[in-house]
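Please read the structure below before turning to the comments.
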Amino acid sequence: MPMLEVRNLTAGYGDIPVVRDVSLSVDEGEILLIGGENGAGKSTLLRAISGFNAPASGSVTLSDRNITGLPPEISAREGLRLVLDNHRVFPELTVHDNLRLGQASGRADPDALARALEEIHAVFPILKEKRGQRARDLSGGQQQILALGQAFVARPKVLLCDEPSMGVAQMLLPPILAFLRKWAESGTAVIIVEQHLKVTQPYTDRALIISRGEVALECRSSDLNSRLEAWRRERMAEHA
Amino acid sequence: MTASNTLVATQPRAAKARSFDSDRQQLWIAVVLLLITGVVPSFLGGSYWQHSFQLMNIYIAVTILQNFLFVDAGQKSFGQGVLLGLGAYGLAIASGIHGLHIGLGMLIGIGAATLGGLVFALPALRVQGFHLGFVTLSAAVVFPQLLLQLDDLTQGLNGISMPPHGLTDPLVLGIDGLTMLTTAMPIASLAFHYVMRNSRLGRRMRTAAESPEAARSLGISPGKMSSLAFLLAAIGTGICGLLFVPAVSFVTPQSFLMDVSFVFFFAVVVGGRGQLLGPIVGIWAVFTIPNILLVDLAEYKPLIYGFITLAVVILFPDGIVGTIEGVRSKRRQSGGGERAFHLTSLTRWLSNLRDHEVSADAPPIISLKGATKRFGSVVAVDHVDFDLRPGEIHGLVGANGSGKTSLLNILNGFSRMNEGSYRFAGRDVARASAPVIARLGLGRTFQTPRIFPSFSVWNNVRVGLDARDSALPDELAHILDEMRLDHENAKPALLSHGQRRLLEVVRVALKDSRVVLFDEPAAGLSQEEREEFSQLIYLLSRKLGTAVVLVEHDLDLVWSIADHITVLETGALIAQGTPKDLAGDPAVQHLFVGGEHANA
Amino acid sequence: MLGDLFNNFDMIMTILLRGAAVGSLFAIIAMSFNVVHNATGILNFAQGAIFMLGAFGAYLFANRVGFSIWIPMLVVVSLGIGLFTAAQGWLTLKPLRSSVEQNSWIISTMSVSVIIAAILTLNFGVFGNMVRGPVPRVELFGVRTPGAFLLAITAMFAWYFALRWFLKRTFHGLAISALSQDFDAARAAGLNVRHLQLLAFGISGVIAGSVGFMVAPMISVSPDAGLRYVLNGFVAAVVGGIGNNTGTLIGGPLVGIVAAFTAFYIGGAYQDLASLMLLVMILMFLPQGLFGRAAARRV
């Protein structure tokens, strides 16, 4: 029984169908990598799963519960957490307050917050050092860590992570991905949407490539490089 | 010629709509109603009713103009009562107090109202929405205070008495001149509204109201449109003000309290925003009926119209007429379906044209040098050189945030460069506004097609024609005639996204643009639609010599039709060349899934 | 010349004080605008009528009473108005779908304003009522000043700091701030958007209502006066930059002082005209206000 199951999802903005007939599933403890070119519909897919745009057809099931089309604040309370791309945090709030708002989707429990903060601070001490600073004064990478930290506080069942590498210095990427890996192994189902497939792939279990809004390729992450290389050669031959 | 005729005739045509123009129908119903309420009281006698209906008809005329201003021009004004008062006081002061000739007095009245409209129109050049609401509301509050205060001029609370003289003598069939005028005024206002709506100017006004961006890209300046709308409405309302004087024979500040402005505004909403019949129904609902029913309870009136308006906004946001109209049009809806909007005849015509020859050494139509755009510390476009030749399809690719859209916005004048030079068709346009560049021959589409739901499909196309300067080739005119017949009454709500996209392309093509910028046109198109789209822009470039800039994430599409490709990264140009050259360029590989960053 | 100035010193102080006091009210209205606007994007046209409800609350329940009744009544009336405003917010935020345009809230908040004024008129007539409060007159800069003036200025600062504390320190306040800073991220984090927006409406009602109650002795308590406050409050908000509470501390008193000088030198009836002209000038030349927010974060 997968933690998150998406069946034949078609969705977009208004009546613009950006994603067509996509199916996927993730188990607990597993990381699914979704790749694809700019504009292929990866972000739209995540936004449709979490309810920012209501799907035109198809279903989204979160551990037995049908959450298709529920608004994002409701699905967040059900345990599905989307971390938006572009390291979005609340810029005028302090680092600590940003983390605190992680509990907005559930009960405000100071003990649970303290435990979660302890764990995050252990991995990313920078969040402790800068706890009183405004989030807008952090670097892109630090903001990304903060956004993930806020999601971590919520202890979701499913984590959707949109382009964690965007605006993040290359050297910060491995610790972020390692953090996600450890997080997944604690029993969370994780989807990472990413363009930097080569860096991300080793931390993930399965991969799915989207092209023009449809699933173009699905495989184990370890096979991804060779499958992609073959596909790319084919396309380049066409254009050359 | 015959060939194309048969072609057109054999095309599948969308199920023909029963000719149904609800505007025209509403217009006739409205005219009949106005004639009845205008004239019948004269036959029944009783000067009270006659007088009440004269006043009501003046109010209806003001409301009609407000309806035009509110919906067709998108300007919310809470201060139309002020303009009415300016018209009335202008006349009363000039002729009633100072005994100037009545004609001169009328001119002064209209002039005063026009000036008032100008005061509203000025801020409308800069701000919209609630800002303007507050400005006009303030004016409505301040106006009666001023009338009281400037008592040297206005005789303050005493008001100005100005009997209607000969206007109340029966002329024909016992109907007096004043009755005729007060009946004619709303009818004339309605005719004005109807004619405006069906005119090029009216369509352009509404385009500006619905999407200022789209308007600017079609060469329309939204600020000018809204100011013009304010002026037109002010002149009409000023004329209503002239009639107000003989209708009540007496003007006092009490006649122009803010409540009057509220009545006009609320009547538009209750009647149905944008419906021609709306103002008549609206005035009956918020003014006439409460007046009749609550003759002795006048103080309840604001409560009644406040509640009616609130209830209508929450329960029937389209208003009384709009709600009925919605139910009717649902039953009559037409124009949907897979191929509801198709271009078969248009592409056929284009393919039969001779190739547009562009000599190899033709000067570039767009020449951008060292273009730089900064937002604070972020450099969105970083010293980009960009040339575009007539008839060329130029792909612009790069990751999100690489500066493609910023560059597009520089090209069409939405944003101004911090540095660099920009020549369009040999003219320096580095500091030109979007409408100016659009009029020079640049068109663009948007990530979400700008299709106006209140227009029929045909009128959506027509906005492009409205922006066209050159004459239409005969055959194209013929094809458009067919299109008009098919889509004159069809509502765009039923078109799929792909069809809307094509509609927008046709609009921009009909504008006769020498350059067209496409902003992610293929997003959301099906495979079939992508092919139709790429065929269309290919034909535009080859047959009409249109130069095309294509910002698109679908790299296969770009590589298949572009003549040249420019690759941007963090605002800077990192590669430029033919698709073939670039396919092997390491700088471009990372754009393709699985490709590596050249610098990683 | 200098002598003139000294002779006029008392008078100028009086005008300044009066302007600052009335301006504080405009600042408070502007703050109550901002609370709702930041959480919802809506400007509540009924805010002036709601302010007037507070003043009528004082007229009805706390006229000529001592502190022992005045203070509990202040709390009860403010909370009641807060609940009322939250209910109004609920109506306003109901998914309004007009096929013609989206800003139906302008009309619904406007009609609520008209309804409140109409109900007050039916019950109390159109004329101004006098309210006597428990705060005594005080001597300030050699000028005998009505206590309500000081109360108004104090209330402005009190609400400013209270709002600041609420928005920065409490969980719900942080959540409302988050809503205004990044709406999508707030939804993704599971913030209960609708409840927070109603809370924002409620708070704006408590602010406007409580101050209306407190300053009833210094204003003409009449149904139509609400419009004057909503308009000048809006001008104050625009001058300070819409959404910016710190800006209202300057914007409000500025508008108040301009109005007070206009009233003294030209005539009382021209106060609102002066505000209108100030509004038009600011909109034409400085649409972002004096302290407008920096351009929204580019994503």
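Lettering and numbering for the structure tokens are positional, with chains as A, B, ... in the shown order, residues counted from 1 in each chain, and ligands counted from 1 in the shown order.
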
With a cut-off of 9 Å and counting only C-alpha atoms, select all residues of chain C in contact with chain A and give the selection as an mmCIF file with C-alpha atoms, in the first residue's frame.
data_model
loop_
_atom_site.group_PDB
_atom_site.id
_atom_site.type_symbol
_atom_site.label_atom_id
_atom_site.label_comp_id
_atom_site.auth_asym_id
_atom_site.auth_seq_id
_atom_site.Cartn_x
_atom_site.Cartn_y
_atom_site.Cartn_z
ATOM 1 C CA LYS C 168 5.400 39.461 15.716
ATOM 2 C CA ARG C 169 4.990 37.541 18.916
ATOM 3 C CA PHE C 171 1.263 32.400 16.852
ATOM 4 C CA LEU C 174 2.714 35.434 12.971
ATOM 5 C CA ALA C 175 0.356 33.406 10.840
ATOM 6 C CA SER C 177 1.903 38.166 8.864
ATOM 7 C CA ALA C 178 2.909 35.059 6.963
ATOM 8 C CA LEU C 179 -0.301 35.270 4.976
ATOM 9 C CA GLN C 181 4.180 37.904 3.019
ATOM 10 C CA ASP C 182 3.688 34.801 0.925
ATOM 11 C CA ASP C 184 1.017 30.388 -1.374
ATOM 12 C CA ALA C 185 3.731 29.390 1.065
ATOM 13 C CA ALA C 186 1.291 30.057 3.898
ATOM 14 C CA ARG C 187 -1.261 27.738 2.357
ATOM 15 C CA ALA C 188 1.359 25.087 1.695
ATOM 16 C CA ALA C 189 2.344 25.279 5.366
ATOM 17 C CA GLY C 190 -1.243 24.477 6.275
ATOM 18 C CA LEU C 191 -2.278 27.840 7.698
ATOM 19 C CA ASN C 192 -6.029 28.040 8.027
ATOM 20 C CA VAL C 193 -6.406 30.911 5.637
ATOM 21 C CA ARG C 297 9.654 40.225 -3.648
ATOM 22 C CA VAL C 299 10.141 35.292 -7.509
#

If the cut-off is 7 Å, can you tell me the residues of chain A near chain B, counting only C-alpha atoms? I'd like them as a ChimeraX atom specification.
/A:15-18,36-39,197,228-229,236,239-240

Deliver the residues from the most recent selection as a file, using C-alpha atoms, as an mmCIF file, in the first residue's frame.
data_model
loop_
_atom_site.group_PDB
_atom_site.id
_atom_site.type_symbol
_atom_site.label_atom_id
_atom_site.label_comp_id
_atom_site.auth_asym_id
_atom_site.auth_seq_id
_atom_site.Cartn_x
_atom_site.Cartn_y
_atom_site.Cartn_z
ATOM 1 C CA ASP A 15 -8.432 25.254 -18.339
ATOM 2 C CA ILE A 16 -4.865 24.960 -19.568
ATOM 3 C CA PRO A 17 -4.002 21.291 -19.220
ATOM 4 C CA VAL A 18 -0.296 21.280 -18.374
ATOM 5 C CA GLY A 36 12.047 16.990 -16.932
ATOM 6 C CA GLU A 37 12.835 20.114 -18.862
ATOM 7 C CA ASN A 38 11.694 23.581 -17.956
ATOM 8 C CA GLY A 39 7.991 23.946 -18.524
ATOM 9 C CA LEU A 197 19.431 14.930 -12.036
ATOM 10 C CA LEU A 228 18.579 9.399 -20.270
ATOM 11 C CA GLU A 229 21.779 9.309 -22.244
ATOM 12 C CA MET A 236 20.207 15.321 -30.640
ATOM 13 C CA HIS A 239 18.178 18.215 -34.356
ATOM 14 C CA ALA A 240 21.680 18.005 -35.723
#

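Between chain B and the residues C:Trp159, C:Trp90, C:Phe213, C:Tyr265, the shortest atom-to-atom distance, using only C-alpha atoms, involves C:Trp90.
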
Excluding range 63-68 of chain A and its own-chain neighbours fewer than 2 positions away, which residues fall within 7 Å of it when counting only C-alpha atoms? Please give them as a PyMOL selection string.
chain A and resi 2-4+59-61+70+75

Residues of range 84-224 of chain B in helix (DSSP H, G or I), written as a ChimeraX atom specification
/B:84-97,102-126,130-149,151-154,156-158,165-168,177-197,200-210,212-217,222-224

Store the residues picked out above in a file with C-alpha atoms, as an mmCIF file, in the first residue's frame.
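In the end it all went to out-v4.cif:
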data_model
loop_
_atom_site.group_PDB
_atom_site.id
_atom_site.type_symbol
_atom_site.label_atom_id
_atom_site.label_comp_id
_atom_site.auth_asym_id
_atom_site.auth_seq_id
_atom_site.Cartn_x
_atom_site.Cartn_y
_atom_site.Cartn_z
ATOM 1 C CA LEU B 84 -25.135 65.649 -12.233
ATOM 2 C CA GLY B 85 -25.017 68.445 -9.670
ATOM 3 C CA LEU B 86 -22.341 70.335 -11.558
ATOM 4 C CA GLY B 87 -24.478 70.290 -14.698
ATOM 5 C CA ALA B 88 -27.548 71.465 -12.799
ATOM 6 C CA TYR B 89 -25.776 74.135 -10.763
ATOM 7 C CA GLY B 90 -23.856 75.378 -13.794
ATOM 8 C CA LEU B 91 -27.092 76.111 -15.588
ATOM 9 C CA ALA B 92 -28.933 77.391 -12.529
ATOM 10 C CA ILE B 93 -26.163 79.777 -11.524
ATOM 11 C CA ALA B 94 -25.558 81.104 -15.027
ATOM 12 C CA SER B 95 -29.142 81.533 -16.151
ATOM 13 C CA GLY B 96 -31.195 81.273 -12.974
ATOM 14 C CA ILE B 97 -29.197 83.770 -10.913
ATOM 15 C CA ILE B 102 -30.306 79.782 -21.614
ATOM 16 C CA GLY B 103 -28.049 78.399 -24.342
ATOM 17 C CA LEU B 104 -25.002 79.869 -22.686
ATOM 18 C CA GLY B 105 -26.190 78.564 -19.332
ATOM 19 C CA MET B 106 -26.458 75.092 -20.781
ATOM 20 C CA LEU B 107 -22.941 75.305 -22.149
ATOM 21 C CA ILE B 108 -21.688 76.400 -18.753
ATOM 22 C CA GLY B 109 -23.523 73.492 -17.101
ATOM 23 C CA ILE B 110 -22.005 70.950 -19.464
ATOM 24 C CA GLY B 111 -18.635 72.627 -19.105
ATOM 25 C CA ALA B 112 -18.800 72.386 -15.312
ATOM 26 C CA ALA B 113 -19.679 68.695 -15.448
ATOM 27 C CA THR B 114 -16.903 68.079 -17.952
ATOM 28 C CA LEU B 115 -14.419 69.784 -15.661
ATOM 29 C CA GLY B 116 -15.618 67.589 -12.830
ATOM 30 C CA GLY B 117 -15.130 64.552 -15.041
ATOM 31 C CA LEU B 118 -11.626 65.755 -15.745
ATOM 32 C CA VAL B 119 -10.853 65.839 -12.031
ATOM 33 C CA PHE B 120 -11.922 62.183 -11.819
ATOM 34 C CA ALA B 121 -10.120 61.327 -15.034
ATOM 35 C CA LEU B 122 -6.741 62.665 -13.942
ATOM 36 C CA PRO B 123 -6.157 60.183 -11.131
ATOM 37 C CA ALA B 124 -7.554 57.502 -13.453
ATOM 38 C CA LEU B 125 -4.451 57.995 -15.556
ATOM 39 C CA ARG B 126 -2.359 56.730 -12.665
ATOM 40 C CA PHE B 130 -10.325 51.085 -4.920
ATOM 41 C CA HIS B 131 -8.107 54.164 -5.148
ATOM 42 C CA LEU B 132 -10.443 55.679 -7.677
ATOM 43 C CA GLY B 133 -13.420 54.528 -5.637
ATOM 44 C CA PHE B 134 -12.148 56.568 -2.697
ATOM 45 C CA VAL B 135 -11.365 59.632 -4.805
ATOM 46 C CA THR B 136 -14.849 59.724 -6.289
ATOM 47 C CA LEU B 137 -16.449 58.938 -2.945
ATOM 48 C CA SER B 138 -14.553 61.842 -1.385
ATOM 49 C CA ALA B 139 -15.821 64.077 -4.143
ATOM 50 C CA ALA B 140 -19.369 62.948 -3.416
ATOM 51 C CA VAL B 141 -18.912 63.847 0.253
ATOM 52 C CA VAL B 142 -17.196 67.161 -0.398
ATOM 53 C CA PHE B 143 -19.516 68.435 -3.140
ATOM 54 C CA PRO B 144 -22.619 69.210 -1.049
ATOM 55 C CA GLN B 145 -20.379 70.776 1.611
ATOM 56 C CA LEU B 146 -18.947 73.077 -1.013
ATOM 57 C CA LEU B 147 -22.374 73.980 -2.379
ATOM 58 C CA LEU B 148 -23.355 75.093 1.097
ATOM 59 C CA GLN B 149 -20.121 76.855 1.755
ATOM 60 C CA ASP B 151 -23.135 80.546 -0.814
ATOM 61 C CA ASP B 152 -22.127 83.719 -2.670
ATOM 62 C CA LEU B 153 -22.134 81.606 -5.756
ATOM 63 C CA THR B 154 -24.792 79.012 -5.014
ATOM 64 C CA GLY B 156 -26.283 78.009 -0.140
ATOM 65 C CA LEU B 157 -29.133 76.242 1.592
ATOM 66 C CA ASN B 158 -31.717 78.538 -0.010
ATOM 67 C CA HIS B 165 -41.042 78.400 -18.359
ATOM 68 C CA GLY B 166 -42.483 77.097 -21.620
ATOM 69 C CA LEU B 167 -41.152 73.574 -21.202
ATOM 70 C CA THR B 168 -44.226 72.398 -19.360
ATOM 71 C CA GLY B 177 -41.501 69.456 -24.030
ATOM 72 C CA LEU B 178 -39.938 68.555 -20.721
ATOM 73 C CA THR B 179 -41.521 65.117 -20.769
ATOM 74 C CA MET B 180 -40.214 64.591 -24.279
ATOM 75 C CA LEU B 181 -36.724 65.622 -23.305
ATOM 76 C CA THR B 182 -36.620 63.518 -20.153
ATOM 77 C CA THR B 183 -37.878 60.548 -22.142
ATOM 78 C CA ALA B 184 -35.406 61.139 -24.937
ATOM 79 C CA MET B 185 -32.390 61.499 -22.657
ATOM 80 C CA PRO B 186 -32.225 57.926 -21.326
ATOM 81 C CA ILE B 187 -33.027 56.616 -24.808
ATOM 82 C CA ALA B 188 -30.190 58.678 -26.241
ATOM 83 C CA SER B 189 -27.863 57.494 -23.473
ATOM 84 C CA LEU B 190 -28.809 53.927 -24.192
ATOM 85 C CA ALA B 191 -28.222 54.414 -27.889
ATOM 86 C CA PHE B 192 -24.850 55.914 -27.071
ATOM 87 C CA HIS B 193 -23.985 52.909 -24.897
ATOM 88 C CA TYR B 194 -25.086 50.475 -27.592
ATOM 89 C CA VAL B 195 -23.254 52.247 -30.387
ATOM 90 C CA MET B 196 -20.093 52.613 -28.295
ATOM 91 C CA ARG B 197 -20.139 48.950 -27.447
ATOM 92 C CA ARG B 200 -13.945 50.194 -32.604
ATOM 93 C CA LEU B 201 -13.440 52.752 -29.840
ATOM 94 C CA GLY B 202 -15.802 50.880 -27.534
ATOM 95 C CA ARG B 203 -14.033 47.580 -28.120
ATOM 96 C CA ARG B 204 -10.692 49.203 -27.461
ATOM 97 C CA MET B 205 -11.997 50.762 -24.266
ATOM 98 C CA ARG B 206 -13.259 47.436 -23.034
ATOM 99 C CA THR B 207 -10.020 45.719 -23.998
ATOM 100 C CA ALA B 208 -8.177 48.274 -21.883
ATOM 101 C CA ALA B 209 -10.579 47.644 -19.010
ATOM 102 C CA GLU B 210 -10.282 43.874 -19.151
ATOM 103 C CA PRO B 212 -4.425 46.686 -19.664
ATOM 104 C CA GLU B 213 -1.426 44.607 -20.749
ATOM 105 C CA ALA B 214 -3.151 43.192 -23.783
ATOM 106 C CA ALA B 215 -4.443 46.664 -24.619
ATOM 107 C CA ARG B 216 -0.984 48.177 -24.506
ATOM 108 C CA SER B 217 0.352 45.422 -26.721
ATOM 109 C CA PRO B 222 -5.377 52.332 -21.027
ATOM 110 C CA GLY B 223 -4.965 55.605 -19.125
ATOM 111 C CA LYS B 224 -6.240 57.607 -22.088
#
